[in-house]
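K.L.:
Below: one structure in structure tokens.
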Amino acid sequence: MRHPILMTACIAGAIAVAGCTEKPTSEETVERAFQDVNVVDESNLSDVMLTVADPNEAISYFQRSLKSDPDRIDLQRGLALSYVRAKRFNEGSIAWKRVTEMDEANSEDKVRYADALIRNGNWADAEVALDSVPPTYETYERYRLEAMIADANKEWKKADSFYETAVGLTTRPAGVFNNWGYSKLTRGDFKGAEKLFGDAVRQDPTLFTAKNNLVLARAAQRNYTLPVVQMDQAERAQLLHTMALSAVKQGDVTTGKRLLRDAIDTHPQHFEAATRALEALENTG
């Protein structure tokens with residue numbers, strides 16, 4: 001007589017177990033699918049915000065996202081990066097500091113924090129931030145910043161060593177050569193600066209800043225001929241103008257006037273800055 005009761009109990013137990021392993025309902029499956037899609041979409045949107053979006057729009061996006069999930073370090077990084085992209089360096093420094101204090105922070109975050117501090121003119125704190133990065137973390141960005149800080153401290157040997165290391169860690173060293181050349185220029189090593197600016201232009205023929213600095217280095221040696229580098233007509237006029245002002249500053253006024261006339265004649269449009277400079281020189285005799 002107890003068999004039916006036992007059978008009933010077994011059936012009830014089987015139903016209970018089946019309930020534990022039951023497949024999700026169609027509604028749950030759809031909800032989970034939408035959650036997965038949202039994660040993918042959010043990731044893609046974050047990438048877009050960090051690359052092609054207006055940086056101030058990106059800031060608003062990451063601020064909104066962080067209201068609901070403030071512990072997401074990827075969102076905190078996105079906000080910090082966006083502040084720097086928007087040239088809001090003080091806010092960027094604060095945002096990167098917040099990132100470095102999170103449990104998941106890494107050495108790259110500290111380097112980016114130092115970069116934001118330098119952009120904000122806070123060199124002392126930037127040096128402290130870089131000093132906290134382990135020496136085993138060797139990247140182009142780390143050594144580029146180390147070189148800049150050494151420059152600011154006038155530690156020339158250290159600066160040269162850091163610049164050289166940074167050059168070896170990137171496939172696009174034009175910017176490093178340009179910064180290194182400017183360092184040499186400020187030290188009065190004009191020949192060394194000229195060589196480095198020339199290296200920068202060879203690496204990136206479109207880098208006008210390096211071309212302009214190259215002219216400054218040559219003019220500082222009283223070499224008033226344009227270097228043989230790729231340039232269009234407007235760039236040629238600008239470089240002649242730079243050379244002219246350098247000549248005047250060194251007391252070579254006649255040469256400066258000649259170069260200004262060349263700049264005015266060369267420019268494809270009216271060259272207002274060169275015209276005003278020439279008029280001022282001629283009016284002073």
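Chain labels run A, B, ... following the order of the structure tokens; each chain numbers its residues from 1, and ligands are numbered from 1 in the order shown.
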So that I can check the secondary structure, give me every residue of range 3-252 of chain A assigned alpha helix (DSSP H) by backbone DSSP, as a VMD selection string.

P.N.:
chain A and resid 3 to 20 26 to 51 55 to 68 73 to 85 89 to 100 107 to 119 123 to 131 140 to 152 156 to 168 174 to 187 190 to 203 208 to 220 233 to 249

K.L.:
For Met148 in chain A, please output as a PyMOL selection string all residues within 9 Å (counting only C-alpha atoms; exclusion window: fewer than 5 positions along the same chain).

P.N.:
chain A and resi 118+143+153+159+162-163+179-180+183

K.L.:
Produce a file of the selected residues containing N, CA, C and O atoms, as a short mmCIF file (atom, residue, chain, number, x, y, z; two decimals), in the first residue's frame.

P.N.:
data_model
loop_
_atom_site.label_atom_id
_atom_site.label_comp_id
_atom_site.auth_asym_id
_atom_site.auth_seq_id
_atom_site.Cartn_x
_atom_site.Cartn_y
_atom_site.Cartn_z
N ILE A 118 51.85 67.08 -17.13
CA ILE A 118 52.78 67.89 -17.90
C ILE A 118 52.03 68.88 -18.78
O ILE A 118 52.38 70.06 -18.87
N TYR A 143 59.30 56.91 -21.82
CA TYR A 143 60.62 57.53 -21.99
C TYR A 143 60.52 58.91 -22.64
O TYR A 143 61.37 59.78 -22.38
N ASN A 153 64.35 69.88 -15.96
CA ASN A 153 65.28 69.96 -14.83
C ASN A 153 66.71 70.27 -15.26
O ASN A 153 67.62 70.31 -14.42
N ALA A 159 68.42 63.49 -20.22
CA ALA A 159 67.48 63.80 -21.31
C ALA A 159 67.90 63.11 -22.60
O ALA A 159 67.07 62.48 -23.28
N PHE A 162 67.22 59.40 -22.41
CA PHE A 162 65.80 59.08 -22.51
C PHE A 162 65.29 59.28 -23.94
O PHE A 162 64.50 58.47 -24.45
N TYR A 163 65.72 60.37 -24.58
CA TYR A 163 65.30 60.61 -25.97
C TYR A 163 65.77 59.48 -26.88
O TYR A 163 65.02 58.99 -27.74
N ASN A 179 61.52 67.15 -30.57
CA ASN A 179 61.67 67.57 -29.17
C ASN A 179 63.12 67.54 -28.72
O ASN A 179 63.59 68.43 -28.01
N TRP A 180 63.82 66.50 -29.14
CA TRP A 180 65.24 66.37 -28.79
C TRP A 180 66.03 67.51 -29.41
O TRP A 180 66.91 68.12 -28.77
N SER A 183 65.51 70.63 -27.51
CA SER A 183 66.32 70.58 -26.28
C SER A 183 67.75 71.04 -26.58
O SER A 183 68.32 71.85 -25.84
#

K.L.:
Excluding Lys191 in chain A and residues on its chain fewer than 6 positions from it, collect all residues at most 10 Å away from it, counting only C-alpha atoms, and give them as number ranges by chain.

P.N.:
A: 181, 184-185, 197, 217-218, 220-221

K.L.:
Residues at most 12 Å from Glu282 in chain A, counting only C-alpha atoms, excluding those fewer than 3 positions away in the same chain, as a ChimeraX atom specification?

P.N.:
/A:253-254,256-258,260-261,275-279,285

K.L.:
Could you take the residues named above and write them with N, CA and C atoms, as a short mmCIF file (atom, residue, chain, number, x, y, z; two decimals), in the first residue's frame?

P.N.:
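Below you can see out_31.cif, which holds the result:
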data_model
loop_
_atom_site.label_atom_id
_atom_site.label_comp_id
_atom_site.auth_asym_id
_atom_site.auth_seq_id
_atom_site.Cartn_x
_atom_site.Cartn_y
_atom_site.Cartn_z
N VAL A 253 70.56 93.01 -40.04
CA VAL A 253 69.31 93.65 -40.47
C VAL A 253 69.17 93.67 -41.99
N THR A 254 70.26 93.97 -42.69
CA THR A 254 70.18 94.00 -44.16
C THR A 254 69.76 92.65 -44.71
N GLY A 256 68.08 90.43 -43.07
CA GLY A 256 66.71 90.24 -42.65
C GLY A 256 65.72 90.90 -43.61
N LYS A 257 66.04 92.11 -44.04
CA LYS A 257 65.17 92.81 -44.99
C LYS A 257 65.07 92.05 -46.31
N ARG A 258 66.22 91.58 -46.77
CA ARG A 258 66.22 90.84 -48.04
C ARG A 258 65.36 89.58 -47.94
N LEU A 260 62.88 89.07 -45.91
CA LEU A 260 61.47 89.44 -45.81
C LEU A 260 60.89 89.75 -47.19
N ARG A 261 61.67 90.42 -48.03
CA ARG A 261 61.19 90.70 -49.39
C ARG A 261 60.99 89.39 -50.15
N THR A 275 55.00 91.61 -44.36
CA THR A 275 54.88 92.99 -44.84
C THR A 275 55.01 93.98 -43.69
N ARG A 276 54.35 93.70 -42.59
CA ARG A 276 54.42 94.59 -41.42
C ARG A 276 55.85 94.64 -40.87
N ALA A 277 56.51 93.48 -40.81
CA ALA A 277 57.88 93.44 -40.29
C ALA A 277 58.82 94.25 -41.16
N LEU A 278 58.68 94.14 -42.48
CA LEU A 278 59.54 94.88 -43.40
C LEU A 278 59.30 96.39 -43.29
N GLU A 279 58.03 96.77 -43.21
CA GLU A 279 57.70 98.19 -43.07
C GLU A 279 58.29 98.76 -41.77
N GLY A 285 64.83 102.93 -40.27
CA GLY A 285 66.10 103.21 -40.94
C GLY A 285 66.82 101.97 -41.35
#

K.L.:
Write out as a PyMOL selection string each polymer residue whose atoms come within 12 Å of Thr209 in chain A, counting only C-alpha atoms; drop sequence neighbours fewer than 2 positions from it.

P.N.:
chain A and resi 174-175+177-179+181-182+197-198+200-201+204-207+211-216+235+238-239+242

K.L.:
Output the selection as a tab-separated table (two decimals), in the first residue's frame - N, CA and C atoms for each residue.

P.N.:
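Result written to selection30.tsv:
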chain	number	residue	atom	x	y	z
A	174	ALA	N	59.58	60.95	-35.49
A	174	ALA	CA	59.74	62.35	-35.90
A	174	ALA	C	59.51	63.31	-34.74
A	175	GLY	N	58.45	63.09	-33.97
A	175	GLY	CA	58.16	63.99	-32.85
A	175	GLY	C	59.23	63.98	-31.79
A	177	PHE	N	62.48	63.23	-32.32
A	177	PHE	CA	63.63	63.95	-32.88
A	177	PHE	C	63.42	65.46	-32.78
A	178	ASN	N	62.20	65.92	-33.04
A	178	ASN	CA	61.91	67.34	-32.98
A	178	ASN	C	62.07	67.88	-31.55
A	179	ASN	N	61.52	67.15	-30.57
A	179	ASN	CA	61.67	67.57	-29.17
A	179	ASN	C	63.12	67.54	-28.72
A	181	GLY	N	65.72	67.84	-30.65
A	181	GLY	CA	66.40	68.94	-31.31
A	181	GLY	C	66.14	70.26	-30.61
A	182	TYR	N	64.90	70.46	-30.17
A	182	TYR	CA	64.58	71.71	-29.46
A	182	TYR	C	65.35	71.79	-28.15
A	197	PHE	N	66.73	68.02	-36.06
A	197	PHE	CA	65.58	68.54	-36.81
A	197	PHE	C	65.55	67.96	-38.22
A	198	GLY	N	66.75	67.81	-38.80
A	198	GLY	CA	66.83	67.19	-40.12
A	198	GLY	C	66.33	65.76	-40.09
A	200	ALA	N	64.12	64.60	-38.01
A	200	ALA	CA	62.67	64.67	-37.84
A	200	ALA	C	61.97	64.88	-39.17
A	201	VAL	N	62.50	65.78	-39.99
A	201	VAL	CA	61.87	66.07	-41.29
A	201	VAL	C	61.99	64.88	-42.22
A	204	ASP	N	59.32	62.53	-41.18
A	204	ASP	CA	57.97	63.03	-41.49
A	204	ASP	C	58.09	64.35	-42.25
A	205	PRO	N	58.10	64.28	-43.58
A	205	PRO	CA	58.27	65.49	-44.40
A	205	PRO	C	57.13	66.50	-44.25
A	206	THR	N	56.03	66.11	-43.60
A	206	THR	CA	54.90	67.03	-43.42
A	206	THR	C	54.99	67.80	-42.11
A	207	LEU	N	55.98	67.51	-41.27
A	207	LEU	CA	56.06	68.13	-39.95
A	207	LEU	C	56.66	69.54	-40.06
A	211	LYS	N	60.54	71.67	-39.60
A	211	LYS	CA	61.15	72.48	-40.66
A	211	LYS	C	61.47	73.88	-40.13
A	212	ASN	N	60.53	74.45	-39.39
A	212	ASN	CA	60.72	75.79	-38.84
A	212	ASN	C	61.87	75.81	-37.83
A	213	ASN	N	61.91	74.76	-37.00
A	213	ASN	CA	63.00	74.67	-36.02
A	213	ASN	C	64.35	74.45	-36.70
A	214	LEU	N	64.34	73.71	-37.80
A	214	LEU	CA	65.57	73.49	-38.56
A	214	LEU	C	66.12	74.81	-39.08
A	215	VAL	N	65.23	75.66	-39.55
A	215	VAL	CA	65.64	76.99	-40.03
A	215	VAL	C	66.21	77.82	-38.88
A	216	LEU	N	65.58	77.73	-37.70
A	216	LEU	CA	66.08	78.46	-36.54
A	216	LEU	C	67.49	78.01	-36.16
A	235	GLU	N	54.77	77.34	-47.35
A	235	GLU	CA	55.74	76.94	-46.33
A	235	GLU	C	57.08	77.63	-46.57
A	238	GLN	N	56.88	81.07	-45.25
A	238	GLN	CA	56.90	81.09	-43.80
A	238	GLN	C	58.32	80.86	-43.26
A	239	LEU	N	59.04	79.95	-43.89
A	239	LEU	CA	60.41	79.66	-43.45
A	239	LEU	C	61.35	80.83	-43.71
A	242	THR	N	60.69	83.27	-40.93
A	242	THR	CA	61.37	82.84	-39.71
A	242	THR	C	62.86	83.16	-39.76

K.L.:
So, with only C-alpha atoms as the atoms that count, which of A:Ala124, A:Leu196, A:Ile264, A:Ala129 lies closest to Asp160 in chain A?

P.N.:
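The closest residue to Asp160 in chain A is A:Leu196.
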